[in-house]
Amino acid sequence: MAKQQDTKKLFENLSGAGKSIGVLTSGGDAQGMNAAVRAVVRMGIYVGAKVYFIHEGGTVIGSARCKEFRSHEGRLKAAHQLILRGITNLCVIGGDGSLTGANLFREEWSGLLEELVQQGLIDEEAAQNNSELHIVGMVGSIDNDFCGTDMTIGTDSALHRIIEVVDAIMTTAQSHQRTFVLEVMGRHCGYLALVSALACGADWVLIPEMPPEDGWEEHMCQKLSESRSRGSRLNIIIVAEGATDRQGKAITVDNVKDLVVSCLGFDTRVTILGHVQRGGTPSAFDRILASRMGVEAVLALLEASDSTPACVVSLCGNQAVRLPLMECVQMVSAYVSLIFCRSFENNLNTYKLLSYHKADSELPNSSFKVAVLNVGAPAAGMNAAVRSAVRVGIKEGHKMFAVNDGIEGFYKGQIKEIKWGDVAGWTGQGGSILGTKRTLPAKHLDKIAEQIRIHNINALLVIGGFESASLGKHINSSLLSPGSGSALYSTVSNNILGSDLSIGADTALNAITYLSTCDRIKQSASGTKRRVFIIETMGGYCGYLASVGGLAAGADTVYIYEEPFGIRDLQSNVEHLTEKMKTGIQRGLVLRNENSNENFTTDFIYQLYSEEGKGVFDCRKNVLGHMQQGGAPSPFDRNFGTKIAAKAIQWISRKLKESYKDGKVFANTEDTACLLGMRRRTMAFQPVVQLKDETDFAHRIPKEQWWLKLHPLMKILAKYKTSYDVSDSGQLEPVTRVRPKKAD
């Protein structure tokens with residue numbers, strides 16, 4: 001244990017004493033910028049630095065595109081203002097233009113100081129004391145148009161705005177059998193159009209990076225017509241504002257509408273979303289991303305040396321990384337390189353895979369039968385995963401089967417073939433359309449094996465929570481063999497082994513934070529003043545929802561099973577809130593995981609806070625319950641479920657081919673029953689049997705949980721003194737680029 005402690009890099013060893021940090025938001029506004037500003041300010045103050053707002057430069061401190069800064073004279077004035085305040089550390093939150101300007105400012109810094117000395121505006125001592133300017137960037141852009149990061153601050157919230165509109169439009173379109181053509185932002189980058197098309201199952205999408213082939217008009221109309229012939233009552237077409245054809249001619253929503261009306265005679269309407277995509281409350285994802293990036297930016301500034309280049313903090317998979325700012329900007333300036341960024345290409349390939357249903361005669365010849373089932377509790381995004389699995393399986397040439405009502409339906413024989421059109425419209429549906437139950441398989445293996453033989457099933461895709469691993473470990477046993485299997489985890493609790501994230505967890509976080517609960521409760525507390533709300537979240541023994549939800553909602557305290565607490569901790573928290581009530585923010589928010597402590601229940605904590613806070617604040621409590629499992633899936637869960645299921649079916653196809661011999665599938669090795677999940681930066685398959693040693697089965701949680709490293713951030717931002725492991729932070733990394741492939 002001591003040796004492990006020695007290898008940790010703790011940020012207590014990093015001091016900001018004597019340093020001044022300036023934080024500004026520049027360029028177009030993006031939801032989540034305020035959370036990033038908050039994180040920079042509070043982290044900066046926490047380490048002893050002096051933090052300055054640079055105003056005007058929706059955000060709380062204002063955001064602007066400054067023409068004056070583009071001139072040398074403007075940058076000279078800016079340098080003078082910074083020197084007057086001793087600011088030599090800048091945190092810039094903006095797009096590629098803002099970050100490019102900031103880097104130029106840094107490159108000119110020594111020359112600007114010389115000019116200021118020559119003009120008598122500063123003396124030699126001031127120039128020497130402020131000789132180095134350190135800059136760290138955070139990308140705030142709803143377009144996700146910056147290479148080097150999987151997601152920029154604001155993108156997820158913009159997707160929420162788009163999907164909210166699409167979901168609403170789909171109900172009216174269905175009623176009147178209409179076609180809707182939607183224009184979304186994206187003058188040079190089609191990320192919003194592409195991912196929203198993937199998340200809502202749009203019939204067609206037009207983006208700047210991929211001008212459609214000549215004759216696309218006929219191809220599109222044919223697809224719309226085929227969709228209607230299969231029973232669909234609506235069509236959705238999404239157009240990025242910068243979409244063009246191969247001759248560079250703009251493709252507008254009105255062009256598309258006129259085309260559909262003239263060729264097909266469909267009742268067609270146009271909706272232009274405009275600046276709705278920039279506004280509104282940030283999603284849970286953007287709040288968490290911005291908070292993590294803000295803290296990482298301060299750490300980068302504290303660790304910067306004279307030789308450290310300007311960097312940008314970004315997201316790779318599920319990990320915060322630092323990349324050379326100018327390398328990223330140079331890739332973006334090439335414009336077409338955007339299509340080769342990892343996140344964009346993954347989404348594009350998945351959309352292509354799902355977007356067009358070939359005739360049976362064009363499909364690969366496969367004799368394999370693959371069954372899909374949901375197990376455990378329902379989670380938003382399950383249906384998107386099933387839809388993706390079914391359609392990719394059909395395109396792979398397999399015969400796809402659906403199992404209703406989970407394990408119970410499996411052993412009872414509730415199995416039927418499922419076709420391409422059967423899963424139309426499933427992407428945006430919450431819950432589990434197939435049906436799911438918590439029944440465990442151990443007592444029913446004989447009957448399940450019988451059903452596998454009756455239907456000649458060669459592979460299983462299991463989508464669910466802890467119960468899916470329970471079935472997965474039996475897939476390649478002698479009882480159920482021959483067969484191949486893959487498990488995908490979908491659970492709101494995110495208490496899963498083998499994956500950092502589960503399908504459904506993002507939707508649950510949004511239910512806790514921005515969609516209704518915590519945000520509205522905080523507004524209520526603000527109105528009444530001096531009120532503390534105690535919120536109980538789901539999760540079993542896993543504190544993910546409470547801890548990460550607390551980070552997203554700006555909670556004052558979070559109680560989780562993974563961090564034992566006692567009466568002294570409760571008393572300290574009450575005293576902390578008492579001090580807070582003396583400030584201008586006279587409200588409090590406390591989150592408690594449902595199984596955090598068997599004695600210190602939500603009722604107990606509520607009564608304790610009420611008694612100890614008498615005369616200072618009053619308390620209210622709220623148990624969120626099953627609302628965290630309900631509702632339409634978030635864009636993230638739709639997208640995540642879609643991509644991960646597609647990848648799982650492709651893996652199953654490969655395993656079936658590898659295991660096929662003499663007319664039979666022989667798949668009884670460990671690597672034929674795997675879990676697909678996100679591990680740090682990549683999606684990885686891991687044999688289910690290997691996960692046994694990593695699991696605390698008594699409490700249904702992994703023995704190591706990545707998100708516990710984020711738990712101290714919530715405390716720091718709530719102004720608690722705590723220890724924070726920054727071992728994952730550190731050296732700059734080169735920008736990786738996905739190699740271009742031949743056009744499809």
# chains A, B, ... in the order shown; residues from 1 in each chain; ligands from 1
>>> closest_atom_pairs(of="region 424-458 of chain A", to="region 188-210 of chain A", cutoff="9 Å", atoms="only C-alpha atoms", output="CSV")
residue,atom,partner,partner_atom,distance
A:Ala424,CA,A:Gly201,CA,8.0
A:Gly425,CA,A:Gly201,CA,6.9
A:Trp426,CA,A:Gly201,CA,8.4
A:Thr427,CA,A:Cys200,CA,5.9
A:Gly428,CA,A:Cys200,CA,6.1
>>> residues_around(residues="Leu545 (chain A)", least_positions_apart="5", cutoff="8 Å", atoms="only C-alpha atoms", output="list in words")
Val492, Ser493, Asn494, Ala505, Ala508, Leu509, Thr537, Met538, Gly539, Gly550 and Asn593 of chain A
>>> residues_around(residues="region 118-130 of chain A", least_positions_apart="5", cutoff="12 Å", atoms="only C-alpha atoms", output="PDB file with C-alpha atoms, in the first residue's frame")
ATOM      1  CA  GLY A  18       1.969  33.976  -6.360  1.00  0.00           C
ATOM      2  CA  LYS A  19       0.402  33.119  -9.712  1.00  0.00           C
ATOM      3  CA  SER A  20      -2.418  34.929 -11.471  1.00  0.00           C
ATOM      4  CA  LEU A  76      -0.425  45.167 -27.512  1.00  0.00           C
ATOM      5  CA  LYS A  77      -3.237  46.723 -25.471  1.00  0.00           C
ATOM      6  CA  ALA A  79      -0.631  42.553 -23.105  1.00  0.00           C
ATOM      7  CA  HIS A  80      -0.525  45.851 -21.220  1.00  0.00           C
ATOM      8  CA  GLN A  81      -3.725  45.044 -19.346  1.00  0.00           C
ATOM      9  CA  LEU A  82      -2.383  41.638 -18.315  1.00  0.00           C
ATOM     10  CA  ILE A  83       0.963  43.046 -17.123  1.00  0.00           C
ATOM     11  CA  LEU A  84      -0.820  45.643 -14.981  1.00  0.00           C
ATOM     12  CA  ARG A  85      -2.476  42.764 -13.104  1.00  0.00           C
ATOM     13  CA  GLY A  86       0.425  40.333 -13.164  1.00  0.00           C
ATOM     14  CA  ILE A  87      -1.498  37.793 -15.253  1.00  0.00           C
ATOM     15  CA  THR A  88       0.842  35.388 -17.030  1.00  0.00           C
ATOM     16  CA  ASN A  89      -1.452  32.373 -17.167  1.00  0.00           C
ATOM     17  CA  TRP A 109       4.534  37.986 -26.063  1.00  0.00           C
ATOM     18  CA  SER A 110       8.244  38.845 -25.730  1.00  0.00           C
ATOM     19  CA  GLY A 111       8.043  41.320 -28.607  1.00  0.00           C
ATOM     20  CA  LEU A 112       4.932  42.936 -27.122  1.00  0.00           C
ATOM     21  CA  LEU A 113       6.728  43.400 -23.804  1.00  0.00           C
ATOM     22  CA  ASP A 306       9.318  27.980 -19.936  1.00  0.00           C
TER      23      ASP A 306
END
>>> closest_residue(among="A:Ser227, A:Asn597, A:Ser305, A:Ser547", to="Tyr561 (chain A)", atoms="only C-alpha atoms")
A:Asn597
>>> residues_around(residues="Val386 (chain A)", least_positions_apart="4", cutoff="10 Å", atoms="only C-alpha atoms", output="number ranges by chain")
A: 372-374, 381-382, 390-392, 402, 423, 426-427, 432-434, 461-463, 641-642, 645-646
>>> select_by_dssp(residues="region 522-565 of chain A", states="strand (DSSP E or B)", output="PyMOL selection string")
chain A and resi 531-537+557-559
>>> residues_around(residues="Glu417 (chain A)", least_positions_apart="2", cutoff="7 Å", atoms="only C-alpha atoms", output="ChimeraX atom specification")
/A:400-402,419
